[in-house]
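Enquirer: Next up is a structure, given as structure tokens.
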There are 2 protein chains.
Amino acid sequence: MSDDPRPGKRNAIRAQNETLILQAAEKVFAEAGFGGATMQLIADVAGLPKANLHYYFATKEELYRRVVQNIFEIWLQAAEAMDGAETPAEGIGAYIEAKMDISRRHPNGSKVWASEVMHGAPVIQDYLETTLRDWTAGRAALIQRWIDEGRMAPISPQHLLYMLWATTQHYADFSHQIETLNGGKPLTDAQWREATESVKSMILRGIGAA
Amino acid sequence: MSDDPRPGKRNAIRAQNETLILQAAEKVFAEAGFGGATMQLIADVAGLPKANLHYYFATKEELYRRVVQNIFEIWLQAAEAMDGAETPAEGIGAYIEAKMDISRRHPNGSKVWASEVMHGAPVIQDYLETTLRDWTAGRAALIQRWIDEGRMAPISPQHLLYMLWATTQHYADFSHQIETLNGGKPLTDAQWREATESVKSMILRGIGAA
DNA sequence: TCTTTTCCTGACCGTATGGTCAAGTTGAAA
DNA sequence: TTTCAACTTGACCATACGGTCAGGAAAAGA
């Protein structure tokens, strides 16, 4: 699966600069929004001349699209936590833990995604209509099966999924608000554990799977 | 409390144009973000020449600030639903209903607020540190009292509040995603009722107040 | 009526932005 | 070494943006 043809150093340079730019872009897009972000600022954060960005990414939109795709793929991967599970408590608990972990480690990606969806998903509408729709249908069916088997309360699978997304992503998207309400300090390790446990216990009890 | 001095028509014109501009601004800021919104587009949506906007609102920031303040005040008002309540089920249930109603009726305001907070709250940081912090402390104390009285499970009041905000606002901020997953159609009246009931039942059961 | 204040708006300005380009440098292949 | 493609970058350009302003229209007051 490795697409390294031959030239070793060339590929290394390309890979390194692309990830460097993508990291800078994620940060700047998250902090300023698509419209507020400038290629010049992204370049400065990445430590490269602006013209060099355009060598790797032709347009601002193209760079932005890659950033959004990145977080989406990370989330899709985390969703697999739900699949191997036997019980709702196990599957949904693991999914909550995975998503809380992502909220902590990739808050910028989550913000860029939120911003994109809030503005009508101009760039990733096709993802919503294909990958996300299929994924959602599959998990809703899994949850419905658990309900039919009497392992959890008969709640709406759709709205449970929305609640899972909303609560976990809130800790990334609204991290600034949470930090302010936490005395201006970021959550500590212990506080993140408490947050995760709180979300887990409320939701698992809420769906009758505790 | 009415600050009408004398000139009737003049005040009417001013009031009318200000709300016209604020509505247009809310829509455009929600759809494009602060950086992506242009005064020209807001003017077009409002049906006024751009120079007229600057007559009522000196700068883009000033206009934006007013939009953000509006939604915040609406939310504060809704929070009173929680106060008169005797039981947790009653108080939190009413708060969820009020916030879901706002998500439905003011999705743009909610999006502008979310965007503002995501970008580090450059404009309304003082609100977070004063009004919101005080409000949060008060409600957290109320919830703690309920817990101490054995009326609900001993969950973290802070994280319960975050869950309430996250779940209810999700229906506004991610309305586009929800709509896409709903076959491209906005939620109907019945679906909004179902959403509200789902959120209420999951959370109330989740905190042991059902 | 005449005067004053508020309101309205087309034309304009300086700046910042996304993107281009031509001239170079560096690494790989022959 | 020579050749060629991949990479780098300062300088540049057209455009679009937030904001200004002067001069006029409409309303209020005298």
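The way I read the labels, and the way they are meant: chains A, B, ... in the order of the structure tokens, residue 1 as the first residue of every chain, and ligand 1 as the first ligand shown, with later ones counted on from there.
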Give me the residues near Val199 (chain B) as a ChimeraX atom specification, where near means some atom within 9 Å (using only C-alpha atoms (C1' of nucleotides)) and where sequence neighbours in that chain fewer than 5 positions away do not count.

Expert: /A:159-160,163 /B:96,164,167-168,194,204

Enquirer: Would you pick out the contacts of Ala137 (chain B) at 12 Å or less, using only C-alpha atoms (C1' of nucleotides), so that residues sharing its chain but fewer than 6 positions from it are not included, and give the list as an MDAnalysis selection string?

Expert: (chainID A and resid 181:183) or (chainID B and resid 129:131 143:144 157:158 161)

Enquirer: Could you save those same residues with C-alpha atoms as a short mmCIF file (atom, residue, chain, number, x, y, z; two decimals), in the first residue's frame?

Expert:
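The new file again37.cif reads:
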data_model
loop_
_atom_site.label_atom_id
_atom_site.label_comp_id
_atom_site.auth_asym_id
_atom_site.auth_seq_id
_atom_site.Cartn_x
_atom_site.Cartn_y
_atom_site.Cartn_z
CA LEU A 181 -15.67 28.46 33.23
CA ASN A 182 -12.83 26.38 34.63
CA GLY A 183 -11.10 29.48 35.94
CA GLU B 129 -16.21 35.77 32.51
CA THR B 130 -19.02 37.65 34.20
CA THR B 131 -22.62 36.90 33.28
CA ILE B 143 -28.50 21.16 40.80
CA GLN B 144 -26.21 20.31 43.69
CA PRO B 157 -23.57 19.67 37.77
CA GLN B 158 -21.00 21.26 35.46
CA LEU B 161 -24.97 21.78 32.09
#

Enquirer: Using only C-alpha atoms (C1' of nucleotides), which residue out of C:DG18, C:DT25, C:DA30, C:DC8 lies closest to DT3 (chain D)?

Expert: C:DA30

Enquirer: Using only C-alpha atoms (C1' of nucleotides) and a distance of at most 10 Å, pull out the residues of chain B that contact chain D, as a ChimeraX atom specification.

Expert: /B:6-10,38-40,51,54,58-60

Enquirer: Keeping only C-alpha atoms, write the selected residues to a file as an mmCIF file, in the first residue's frame.

Expert:
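Wrote selection_27.cif, looks like this:
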data_model
loop_
_atom_site.group_PDB
_atom_site.id
_atom_site.type_symbol
_atom_site.label_atom_id
_atom_site.label_comp_id
_atom_site.auth_asym_id
_atom_site.auth_seq_id
_atom_site.Cartn_x
_atom_site.Cartn_y
_atom_site.Cartn_z
ATOM 1 C CA ARG B 6 -40.526 62.953 20.932
ATOM 2 C CA PRO B 7 -40.004 62.514 17.218
ATOM 3 C CA GLY B 8 -42.261 59.572 16.416
ATOM 4 C CA LYS B 9 -41.456 58.730 12.828
ATOM 5 C CA ARG B 10 -37.742 59.221 13.192
ATOM 6 C CA THR B 38 -19.140 41.110 3.854
ATOM 7 C CA MET B 39 -20.884 44.350 4.613
ATOM 8 C CA GLN B 40 -21.979 44.456 0.992
ATOM 9 C CA ALA B 51 -23.201 53.128 3.207
ATOM 10 C CA HIS B 54 -22.317 52.270 8.331
ATOM 11 C CA ALA B 58 -20.019 52.221 12.573
ATOM 12 C CA THR B 59 -18.010 49.046 12.025
ATOM 13 C CA LYS B 60 -18.474 45.411 11.118
#

Enquirer: Please report as a PDB file with N, CA, C and O atoms (P, O5', C5', C4', C3', O3' and C1' of nucleotides), in the first residue's frame which residues of chain C come no farther than 9 Å from chain B, using only C-alpha atoms (C1' of nucleotides).

Expert:
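Contents of the output file result_29.pdb:
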ATOM      1  P    DT C   6     -29.476  65.031  15.453  1.00  0.00           P
ATOM      2  O5'  DT C   6     -30.169  64.034  14.409  1.00  0.00           O
ATOM      3  C5'  DT C   6     -31.574  63.813  14.486  1.00  0.00           C
ATOM      4  C4'  DT C   6     -32.044  63.147  13.221  1.00  0.00           C
ATOM      5  C3'  DT C   6     -31.314  61.839  12.879  1.00  0.00           C
ATOM      6  O3'  DT C   6     -32.275  60.806  12.765  1.00  0.00           O
ATOM      7  C1'  DT C   6     -31.489  63.233  10.980  1.00  0.00           C
ATOM      8  P    DC C   7     -31.844  59.282  12.559  1.00  0.00           P
ATOM      9  O5'  DC C   7     -31.876  59.147  10.967  1.00  0.00           O
ATOM     10  C5'  DC C   7     -33.118  59.296  10.279  1.00  0.00           C
ATOM     11  C4'  DC C   7     -32.866  59.381   8.798  1.00  0.00           C
ATOM     12  C3'  DC C   7     -32.183  58.146   8.177  1.00  0.00           C
ATOM     13  O3'  DC C   7     -33.071  57.603   7.214  1.00  0.00           O
ATOM     14  C1'  DC C   7     -31.267  60.161   7.345  1.00  0.00           C
ATOM     15  P    DC C   8     -32.741  56.219   6.548  1.00  0.00           P
ATOM     16  O5'  DC C   8     -32.008  56.645   5.221  1.00  0.00           O
ATOM     17  C5'  DC C   8     -32.757  57.311   4.203  1.00  0.00           C
ATOM     18  C4'  DC C   8     -31.823  57.708   3.083  1.00  0.00           C
ATOM     19  C3'  DC C   8     -31.040  56.541   2.458  1.00  0.00           C
ATOM     20  O3'  DC C   8     -31.505  56.375   1.129  1.00  0.00           O
ATOM     21  C1'  DC C   8     -29.685  58.490   2.782  1.00  0.00           C
ATOM     22  P    DT C   9     -31.157  55.025   0.384  1.00  0.00           P
ATOM     23  O5'  DT C   9     -29.834  55.430  -0.376  1.00  0.00           O
ATOM     24  C5'  DT C   9     -29.861  56.547  -1.256  1.00  0.00           C
ATOM     25  C4'  DT C   9     -28.480  56.823  -1.801  1.00  0.00           C
ATOM     26  C3'  DT C   9     -27.638  55.574  -2.121  1.00  0.00           C
ATOM     27  O3'  DT C   9     -27.096  55.728  -3.394  1.00  0.00           O
ATOM     28  C1'  DT C   9     -26.384  57.105  -0.885  1.00  0.00           C
TER      29       DT C   9
END

Enquirer: Using only C-alpha atoms and a distance of at most 9 Å, pull out the residues of chain B that contact chain A, as an MDAnalysis selection string.

Expert: chainID B and resid 30:37 111 114:115 117:121 125 128:129 132:133 136 155:156 159:160 162:178 180:181 183:184 194:195 198:199 201:208

Enquirer: Would you mind telling me which residue in A:Glu26, A:Leu187, A:Arg104, A:Asn11 lies nearest to DG27 (chain C) when using only C-alpha atoms (C1' of nucleotides)?

Expert: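 Of A:Glu26, A:Leu187, A:Arg104, A:Asn11, the one nearest DG27 (chain C) is A:Asn11, counting only C-alpha atoms (C1' of nucleotides).
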
Enquirer: One decimal, in Å: what's the spacing between CA of Gln16 (chain B) and CA of His106 (chain B)?

Expert: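 CA of Gln16 (chain B) sits 19.2 Å away from CA of His106 (chain B).
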
Enquirer: Contacts of Leu76 (chain A) at 10 Å or less, counting only C-alpha atoms (C1' of nucleotides), minus same-chain residues fewer than 3 places along, as a PyMOL selection string?

Expert: chain A and resi 71-73+79-81+131-132+135

Enquirer: May I have the residues from that selection written out with C-alpha atoms, as a short mmCIF file (atom, residue, chain, number, x, y, z; two decimals), in the first residue's frame?

Expert:
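Writing the result to out25.cif gives the following:
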data_model
loop_
_atom_site.label_atom_id
_atom_site.label_comp_id
_atom_site.auth_asym_id
_atom_site.auth_seq_id
_atom_site.Cartn_x
_atom_site.Cartn_y
_atom_site.Cartn_z
CA ILE A 71 -10.77 14.92 10.99
CA PHE A 72 -13.59 13.06 9.30
CA GLU A 73 -11.36 10.06 8.75
CA ALA A 79 -16.37 4.55 15.28
CA GLU A 80 -15.00 1.07 14.95
CA ALA A 81 -14.84 1.04 18.73
CA THR A 131 -20.19 8.09 3.82
CA LEU A 132 -21.83 9.73 6.81
CA TRP A 135 -22.37 5.04 8.52
#

Enquirer: Could you pull out the alpha helix (DSSP H) residues of region 25-173 of chain B, going by DSSP on the backbone, and write them as a PyMOL selection string?

Expert: chain B and resi 25-36+39-46+50-56+60-78+88-105+107-118+125-127+133-148+157-173
